[in-house]
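A.B. asks: Structure incoming, see below.
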Amino acid sequence: MKNSYPGFVLGLAFWVLTVEAGVFEFTDEFNIEIITHPPGYSGQTEELIVTVGISPLSPHAVAMEIPVQNAINTWNQLAPTIGNVRFDEALVPRHMFDFESVVLHELGHCIGLGHPNLASESGLGGADKDFTSTTRGGNNRFDLNSGADGVIGSGDDRRGDDVNLHWFNKENNNPFVLPEIVDRTTYSQNLADLPVGHFFAANADRDLSLLLGLPESEAVMQQGIFPGEARRTLVADDIATLRIAMSGLDGRQGTTDDYTLVLQYTGLTDRADIVVGFNDAVAFSACRITGSFLPHRDDHIVIREGQISFNPGFDWFFNPELTPIASGQPVLSIWVNNQSSSAVELRPEDMLSLKITLTPEEHAGRQADYWVKAVTPFGDYWLDAQLQFVRSDTPVLAYGGPLIDLPVMVIFESPASNLPAGDYTITFAVDGNQDQRYDKTYHSSVSFTVLP
Ligand SMILES: [Ca+2]
Ligand SMILES: [Ca+2]
Ligand SMILES: [Ca+2]
Ligand SMILES: [Ca+2]
């Protein structure tokens with residue numbers, strides 16, 4: 001049974017209290033290697049359909065429909081993203097909590113995922129909650145040392161006798177990277193499997209993403225959200241945990257006992273495996289779950305039912321727009337100083353860095369034109385083949401060639417003082433063809449202001 005309790009400051013949320021949650025629900029001192037499966041799992045080998053309904057008599061029942069469907073689609077797609085932490089008034093008003101982001105998190109609990117960080121169930125306060133999920137170990141207290149980099153939750157943390165509960169990527173201990181094979185051969189909880197030079201399992205915290213030079217990213221299952229924050233897409237770590245469960249009882253991907261999870265929206269009804277509603281039973285939000293062991297298995301638990309509750313006393317924002325399901329289209333983004341919001345202001349003493357990312361999806365390898373256009377107070381500039389911005393009133397091609405995976409690429413870095421004051425808009429565009437004409441088939445833009 002899960003309960004929630006109030007936090008100490010406005011803004012840190014997702015309070016879900018239970019036995020210590022690890023990456024999987026129900027893990028604790030005595031059940032470190034527990035794998036928790038979504039409702040209905042009985043060791044089957046194909047699609048596991050889990051229904052999700054909205055309590056028809058709940059406040060906001062109709063307003064919940066679109067964001068709940070978006071969150072369902074996000075879990076069904078299992079697409080890893082970076083830069084998923086966004087503060088943008090156009091997405092979520094500054095003083096409101098984003099219902100879609102929180103229901104995405106709570107759905108994760110209802111299908112078996114715990115917090116990758118120590119979270120509020122540790123009883124710790126402040127940033128200490130962001131250390132990687134562990135038990136207290138033999139000395140019965142958390143040993144919290146953020147190591148030489150000073151970043152909590154990174155691979156150089158020293159955690160004394162605390163016992164790690166977090167499944168990490170054995171090759172790189174990087175929770176923002178998803179390998180091709182995700183199962184118990186490529187992921188481990190055993191610190192002896194860490195890469196050379198690492199001391200502890202890193203978790204997908206936003207401070208770690210910045211340390212790694214990525215646009216601000218954080219696991220959806222990481223506890224804590226701010227007003228005005230949208231975190232509506234998954235990172236590699238969220239997906240990896242679920243895929244370890246989906247590799248089945250043998251813990252190997254690609255064998256006959258693998259299964260896939262399909263969440264299915266069933267509308268305004270209380271008759272579903274997971275039911276979402278507003279009531280006063282929780283301080284902020286929570287998924288109450290019950291679970292039981294698979295017959296004859298002491299290391300696999302199945303959730304029996306999930307009840308997601310939201311406290312109506314907060315200022316909730318309900319995304320009114322159904323997100324189109326990505327149909328294998330290329331996804332690209334551009335970032336200024338790791339932010340995508342339109343309100344970035346740079347003082348002369350600031351550094352300016354522009355980064356682009358590209359995921360070609362099913363279009364990988366197709367021929368394309370790549371463009372980067374900068375609209376500046378002193379005319380239009382284009383990134384050329386030497387990766388220099390050149391002044392031109394007609395498009396200048398940056399690259400013509402196949403669509404490739406660009407996890408993160410820095411295209412410009414300079415002190416802001418090198419740029420004249422004023423407003424700038426940078427657009428990264430990729431065409432569905434390679435004809436050296438500016439078609440802008442797929443594009444993303446970011447704006448910023450250089451202050452005098
Ligand atoms: Ca550290
Ligand atoms: Ca300890
Ligand atoms: Ca398997
Ligand atoms: Ca073209």
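Naming scheme: A, B, ... for chains in displayed order of the structure tokens; residues 1 onward per chain; ligands 1 onward as shown.
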Write out as an NGL selection string all residues of region 376-406 of chain A that DSSP puts in strand (DSSP E or B) for this structure's backbone.
C.D. replies: :A and (376 or 379-383 or 389-391 or 399-402 or 406)
A.B. asks: Using only C-alpha atoms and all ligand atoms, which residues of the polymer chains come no farther than 9 Å from ligand 2? I'd like the answer as a ChimeraX atom specification.
C.D. replies: /A:134-144,159-163
A.B. asks: So that I can check the secondary structure, give me every residue of region 83-252 of chain A assigned helix (DSSP H, G or I) by backbone DSSP, as a ChimeraX atom specification.
C.D. replies: /A:99-110,120-122,126-130,191-193,206-211,236-246
A.B. asks: Please determine, counting only C-alpha atoms and all ligand atoms, which residue among A:Asp183, A:Glu362, A:Glu345, A:Asp205 has the shortest atom-to-atom distance to ligand 3.
C.D. replies: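 For ligand 3, the nearest of the given residues is A:Asp183.
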A.B. asks: Measuring atom to atom with only C-alpha atoms, identify which of A:Ile54, A:Leu165, A:Leu194, A:Ala230 is nearest to Asn319 (chain A).
C.D. replies: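 Closest candidate: A:Ala230.
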A.B. asks: List the neighbours of region 58-72 of chain A out to 7 Å using only C-alpha atoms; skip same-chain residues closer than 2 positions along the sequence, and give me the result as a list in words.
C.D. replies: Ile54, Ser55, Pro56, Thr74, Trp75, Asn76, Glu100, Val103, Leu104, Leu263, Tyr265, Gly277, Phe278, Phe318, Asn319, Pro320, Glu321, Leu322 and Thr323 of chain A
A.B. asks: Would you mind exporting the chosen residues as a PDB file, in the first residue's frame, restricted to C-alpha atoms?
C.D. replies:
```
ATOM      1  CA  ILE A  54     -10.679   7.916 -15.433  1.00  0.00           C
ATOM      2  CA  SER A  55     -13.033   7.872 -12.467  1.00  0.00           C
ATOM      3  CA  PRO A  56     -16.220   9.337 -14.004  1.00  0.00           C
ATOM      4  CA  THR A  74       4.224   8.077 -24.192  1.00  0.00           C
ATOM      5  CA  TRP A  75       4.605   4.843 -22.212  1.00  0.00           C
ATOM      6  CA  ASN A  76       3.467   2.778 -25.200  1.00  0.00           C
ATOM      7  CA  GLU A 100       0.317  15.287 -17.736  1.00  0.00           C
ATOM      8  CA  VAL A 103       0.258  11.305 -14.341  1.00  0.00           C
ATOM      9  CA  LEU A 104       3.072   9.999 -16.571  1.00  0.00           C
ATOM     10  CA  LEU A 263      -1.580   0.557 -22.002  1.00  0.00           C
ATOM     11  CA  TYR A 265      -7.329   3.953 -22.539  1.00  0.00           C
ATOM     12  CA  GLY A 277      -9.053  10.429 -10.080  1.00  0.00           C
ATOM     13  CA  PHE A 278      -8.937  13.454  -7.808  1.00  0.00           C
ATOM     14  CA  PHE A 318      -4.374  20.121 -18.078  1.00  0.00           C
ATOM     15  CA  ASN A 319      -2.686  19.960 -21.459  1.00  0.00           C
ATOM     16  CA  PRO A 320      -5.553  20.570 -23.904  1.00  0.00           C
ATOM     17  CA  GLU A 321      -3.704  19.179 -26.911  1.00  0.00           C
ATOM     18  CA  LEU A 322      -3.488  15.570 -27.921  1.00  0.00           C
ATOM     19  CA  THR A 323       0.142  14.909 -28.881  1.00  0.00           C
TER      20      THR A 323
END
```
A.B. asks: Within 8 Å of Glu216 (chain A), counting only C-alpha atoms, which residues qualify if same-chain residues fewer than 3 places away don't, as a ChimeraX atom specification?
C.D. replies: /A:82-86,206-207,209-210,338-339
A.B. asks: Could you list, as a ChimeraX atom specification, all the residues within 10 Å of ligand 4, counting only C-alpha atoms and all ligand atoms?
C.D. replies: /A:367-371,397,400,429-441
A.B. asks: Write the residues you've just listed into a file as a CSV table (one decimal), in the first residue's frame, and include C-alpha atoms for each of them.
C.D. replies:
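Once everything was written out, this is part-v8.csv:
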```
chain,number,residue,atom,x,y,z
A,367,GLN,CA,19.1,11.4,-48.0
A,368,ALA,CA,18.6,14.8,-46.5
A,369,ASP,CA,19.6,18.4,-46.5
A,370,TYR,CA,20.6,19.9,-43.1
A,371,TRP,CA,20.2,23.6,-42.4
A,397,LEU,CA,23.5,24.3,-46.9
A,400,GLY,CA,23.8,17.0,-47.5
A,429,ALA,CA,15.9,22.2,-40.2
A,430,VAL,CA,16.3,18.8,-42.0
A,431,ASP,CA,14.7,18.1,-45.4
A,432,GLY,CA,13.1,14.9,-46.5
A,433,ASN,CA,15.2,15.1,-49.6
A,434,GLN,CA,18.7,16.0,-50.7
A,435,ASP,CA,18.4,18.7,-53.4
A,436,GLN,CA,20.1,21.6,-51.8
A,437,ARG,CA,16.9,23.6,-51.6
A,438,TYR,CA,15.5,24.8,-48.3
A,439,ASP,CA,12.4,22.7,-47.7
A,440,LYS,CA,12.4,22.7,-43.9
A,441,THR,CA,10.5,19.4,-43.7
```
A.B. asks: Counting only C-alpha atoms and all ligand atoms, which protein, DNA or RNA residues come within 7 Å of ligand 1, given as an MDAnalysis selection string?
C.D. replies: chainID A and resid 146:157
A.B. asks: Export C-alpha atoms of the chosen residues as a compact mmCIF listing (two decimals), in the first residue's frame?
C.D. replies:
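File produced: part.txt:
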```
# COMPACT_ATOMS: atom_id res chain seq x y z
CA SER A 146 28.71 13.29 -3.65
CA GLY A 147 32.36 12.68 -4.53
CA ALA A 148 34.88 14.88 -6.29
CA ASP A 149 32.43 16.28 -8.87
CA GLY A 150 30.09 17.51 -6.13
CA VAL A 151 27.11 16.32 -8.18
CA ILE A 152 24.63 14.16 -6.27
CA GLY A 153 23.76 10.89 -7.99
CA SER A 154 26.75 10.68 -10.34
CA GLY A 155 29.17 7.78 -10.82
CA ASP A 156 31.80 9.12 -8.39
CA ASP A 157 29.50 9.17 -5.35
```
A.B. asks: In Å, how far is it from CA of Trp335 (chain A) to CA of Thr81 (chain A)?
C.D. replies: 13.6 Å
A.B. asks: Give one line per residue of chain A that approaches ligand 3 to at most 12 Å, naming the two atoms of the closest pair and their distance in Å to one decimal, counting only C-alpha atoms and all ligand atoms; sort by chain then ascending residue number and deliver it as JSON lines.
C.D. replies:
```
{"residue": "A:Gly43", "atom": "CA", "partner": "ligand 3", "partner_atom_place_in_ligand_line": "1 (Ca)", "distance": 10.4}
{"residue": "A:Gln44", "atom": "CA", "partner": "ligand 3", "partner_atom_place_in_ligand_line": "1 (Ca)", "distance": 10.7}
{"residue": "A:Thr45", "atom": "CA", "partner": "ligand 3", "partner_atom_place_in_ligand_line": "1 (Ca)", "distance": 8.6}
{"residue": "A:Glu46", "atom": "CA", "partner": "ligand 3", "partner_atom_place_in_ligand_line": "1 (Ca)", "distance": 10.9}
{"residue": "A:Ile181", "atom": "CA", "partner": "ligand 3", "partner_atom_place_in_ligand_line": "1 (Ca)", "distance": 11.2}
{"residue": "A:Val182", "atom": "CA", "partner": "ligand 3", "partner_atom_place_in_ligand_line": "1 (Ca)", "distance": 10.4}
{"residue": "A:Asp183", "atom": "CA", "partner": "ligand 3", "partner_atom_place_in_ligand_line": "1 (Ca)", "distance": 8.1}
{"residue": "A:Arg184", "atom": "CA", "partner": "ligand 3", "partner_atom_place_in_ligand_line": "1 (Ca)", "distance": 9.5}
{"residue": "A:Thr185", "atom": "CA", "partner": "ligand 3", "partner_atom_place_in_ligand_line": "1 (Ca)", "distance": 10.9}
{"residue": "A:Arg243", "atom": "CA", "partner": "ligand 3", "partner_atom_place_in_ligand_line": "1 (Ca)", "distance": 10.0}
{"residue": "A:Ile244", "atom": "CA", "partner": "ligand 3", "partner_atom_place_in_ligand_line": "1 (Ca)", "distance": 9.0}
{"residue": "A:Ala245", "atom": "CA", "partner": "ligand 3", "partner_atom_place_in_ligand_line": "1 (Ca)", "distance": 9.0}
{"residue": "A:Met246", "atom": "CA", "partner": "ligand 3", "partner_atom_place_in_ligand_line": "1 (Ca)", "distance": 7.3}
{"residue": "A:Ser247", "atom": "CA", "partner": "ligand 3", "partner_atom_place_in_ligand_line": "1 (Ca)", "distance": 4.1}
{"residue": "A:Gly248", "atom": "CA", "partner": "ligand 3", "partner_atom_place_in_ligand_line": "1 (Ca)", "distance": 4.4}
{"residue": "A:Leu249", "atom": "CA", "partner": "ligand 3", "partner_atom_place_in_ligand_line": "1 (Ca)", "distance": 6.3}
{"residue": "A:Asp250", "atom": "CA", "partner": "ligand 3", "partner_atom_place_in_ligand_line": "1 (Ca)", "distance": 5.0}
{"residue": "A:Gly251", "atom": "CA", "partner": "ligand 3", "partner_atom_place_in_ligand_line": "1 (Ca)", "distance": 5.2}
{"residue": "A:Arg252", "atom": "CA", "partner": "ligand 3", "partner_atom_place_in_ligand_line": "1 (Ca)", "distance": 4.1}
{"residue": "A:Gln253", "atom": "CA", "partner": "ligand 3", "partner_atom_place_in_ligand_line": "1 (Ca)", "distance": 4.7}
{"residue": "A:Gly254", "atom": "CA", "partner": "ligand 3", "partner_atom_place_in_ligand_line": "1 (Ca)", "distance": 5.8}
{"residue": "A:Thr255", "atom": "CA", "partner": "ligand 3", "partner_atom_place_in_ligand_line": "1 (Ca)", "distance": 4.3}
{"residue": "A:Thr256", "atom": "CA", "partner": "ligand 3", "partner_atom_place_in_ligand_line": "1 (Ca)", "distance": 6.0}
{"residue": "A:Asp257", "atom": "CA", "partner": "ligand 3", "partner_atom_place_in_ligand_line": "1 (Ca)", "distance": 4.6}
{"residue": "A:Asp258", "atom": "CA", "partner": "ligand 3", "partner_atom_place_in_ligand_line": "1 (Ca)", "distance": 4.3}
{"residue": "A:Tyr259", "atom": "CA", "partner": "ligand 3", "partner_atom_place_in_ligand_line": "1 (Ca)", "distance": 7.9}
{"residue": "A:Thr260", "atom": "CA", "partner": "ligand 3", "partner_atom_place_in_ligand_line": "1 (Ca)", "distance": 10.9}
```
A.B. asks: Produce a file of the selected residues containing N, CA and C atoms, as a tab-separated table (two decimals), in the first residue's frame.
C.D. replies:
```tsv
chain	number	residue	atom	x	y	z
A	43	GLY	N	3.41	-14.34	-16.53
A	43	GLY	CA	4.47	-15.11	-17.17
A	43	GLY	C	4.21	-15.31	-18.65
A	44	GLN	N	3.22	-14.58	-19.19
A	44	GLN	CA	2.91	-14.77	-20.61
A	44	GLN	C	3.99	-14.17	-21.49
A	45	THR	N	3.86	-14.41	-22.76
A	45	THR	CA	4.97	-14.16	-23.66
A	45	THR	C	4.62	-13.21	-24.79
A	46	GLU	N	3.51	-12.51	-24.70
A	46	GLU	CA	3.21	-11.65	-25.83
A	46	GLU	C	2.80	-10.27	-25.33
A	181	ILE	N	20.54	-3.93	-26.54
A	181	ILE	CA	20.06	-5.01	-25.67
A	181	ILE	C	19.88	-4.43	-24.26
A	182	VAL	N	18.67	-4.54	-23.73
A	182	VAL	CA	18.41	-4.07	-22.36
A	182	VAL	C	17.82	-5.25	-21.59
A	183	ASP	N	18.63	-5.86	-20.78
A	183	ASP	CA	18.16	-6.99	-19.98
A	183	ASP	C	19.16	-7.22	-18.85
A	184	ARG	N	19.09	-8.36	-18.21
A	184	ARG	CA	19.95	-8.58	-17.05
A	184	ARG	C	21.37	-8.98	-17.44
A	185	THR	N	21.67	-8.99	-18.74
A	185	THR	CA	23.07	-9.17	-19.14
A	185	THR	C	23.76	-7.82	-19.33
A	243	ARG	N	12.03	-2.29	-19.63
A	243	ARG	CA	12.47	-3.34	-20.58
A	243	ARG	C	13.16	-4.50	-19.86
A	244	ILE	N	13.76	-4.23	-18.72
A	244	ILE	CA	14.33	-5.35	-17.95
A	244	ILE	C	13.19	-6.28	-17.52
A	245	ALA	N	12.08	-5.68	-17.06
A	245	ALA	CA	10.92	-6.52	-16.70
A	245	ALA	C	10.39	-7.24	-17.93
A	246	MET	N	10.34	-6.52	-19.06
A	246	MET	CA	9.78	-7.09	-20.29
A	246	MET	C	10.67	-8.16	-20.90
A	247	SER	N	11.91	-8.28	-20.40
A	247	SER	CA	12.75	-9.37	-20.90
A	247	SER	C	12.34	-10.71	-20.28
A	248	GLY	N	11.31	-10.65	-19.42
A	248	GLY	CA	10.68	-11.88	-18.94
A	248	GLY	C	11.40	-12.54	-17.79
A	249	LEU	N	10.97	-13.73	-17.47
A	249	LEU	CA	11.47	-14.41	-16.28
A	249	LEU	C	12.92	-14.84	-16.45
A	250	ASP	N	13.37	-15.04	-17.68
A	250	ASP	CA	14.77	-15.45	-17.86
A	250	ASP	C	15.72	-14.25	-17.87
A	251	GLY	N	15.18	-13.02	-17.87
A	251	GLY	CA	16.04	-11.84	-17.82
A	251	GLY	C	16.88	-11.65	-19.07
A	252	ARG	N	16.50	-12.28	-20.17
A	252	ARG	CA	17.25	-12.17	-21.43
A	252	ARG	C	16.33	-11.61	-22.51
A	253	GLN	N	16.78	-10.57	-23.17
A	253	GLN	CA	16.02	-10.01	-24.29
A	253	GLN	C	16.17	-10.90	-25.50
A	254	GLY	N	15.06	-11.09	-26.23
A	254	GLY	CA	15.13	-11.84	-27.47
A	254	GLY	C	14.82	-13.32	-27.32
A	255	THR	N	14.39	-13.73	-26.14
A	255	THR	CA	13.99	-15.13	-25.96
A	255	THR	C	12.46	-15.21	-25.93
A	256	THR	N	11.95	-16.42	-25.88
A	256	THR	CA	10.51	-16.61	-26.10
A	256	THR	C	9.64	-16.09	-24.96
A	257	ASP	N	10.24	-15.79	-23.80
A	257	ASP	CA	9.36	-15.31	-22.71
A	257	ASP	C	9.31	-13.79	-22.61
A	258	ASP	N	9.83	-13.07	-23.60
A	258	ASP	CA	9.72	-11.61	-23.60
A	258	ASP	C	8.24	-11.22	-23.76
A	259	TYR	N	7.89	-10.08	-23.19
A	259	TYR	CA	6.54	-9.55	-23.44
A	259	TYR	C	6.62	-8.07	-23.73
A	260	THR	N	5.55	-7.54	-24.32
A	260	THR	CA	5.46	-6.09	-24.52
A	260	THR	C	4.25	-5.58	-23.74
```
A.B. asks: Which one is closest to Leu78 (chain A): A:Glu361, A:Glu218, A:Glu180, A:Asp238? Count only C-alpha atoms.
C.D. replies: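 The shortest atom-to-atom distance to Leu78 (chain A) comes from A:Asp238.
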A.B. asks: Closest to Lys373 (chain A) among A:Thr427, A:Ser101, A:Thr51, A:Ser122, using only C-alpha atoms?
C.D. replies: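 Closest candidate: A:Thr427.
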A.B. asks: Go through A:Gln77, A:Gln388, A:Ser417, A:Gln329 and flag the residue nearest Arg347 (chain A), using only C-alpha atoms for the distances.
C.D. replies: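 The answer is A:Ser417, which sits nearest to Arg347 (chain A).
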A.B. asks: Which residue, A:Ile225, A:Ile274, A:Leu242, A:Leu403, has the smallest gap to Glu25 (chain A) when you use only C-alpha atoms?
C.D. replies: A:Leu242
A.B. asks: Quick one, how far is CA of Glu349 (chain A) from CA of Gly422 (chain A)?
C.D. replies: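 About the pair CA of Glu349 (chain A) and CA of Gly422 (chain A): they are 15.1 Å apart.
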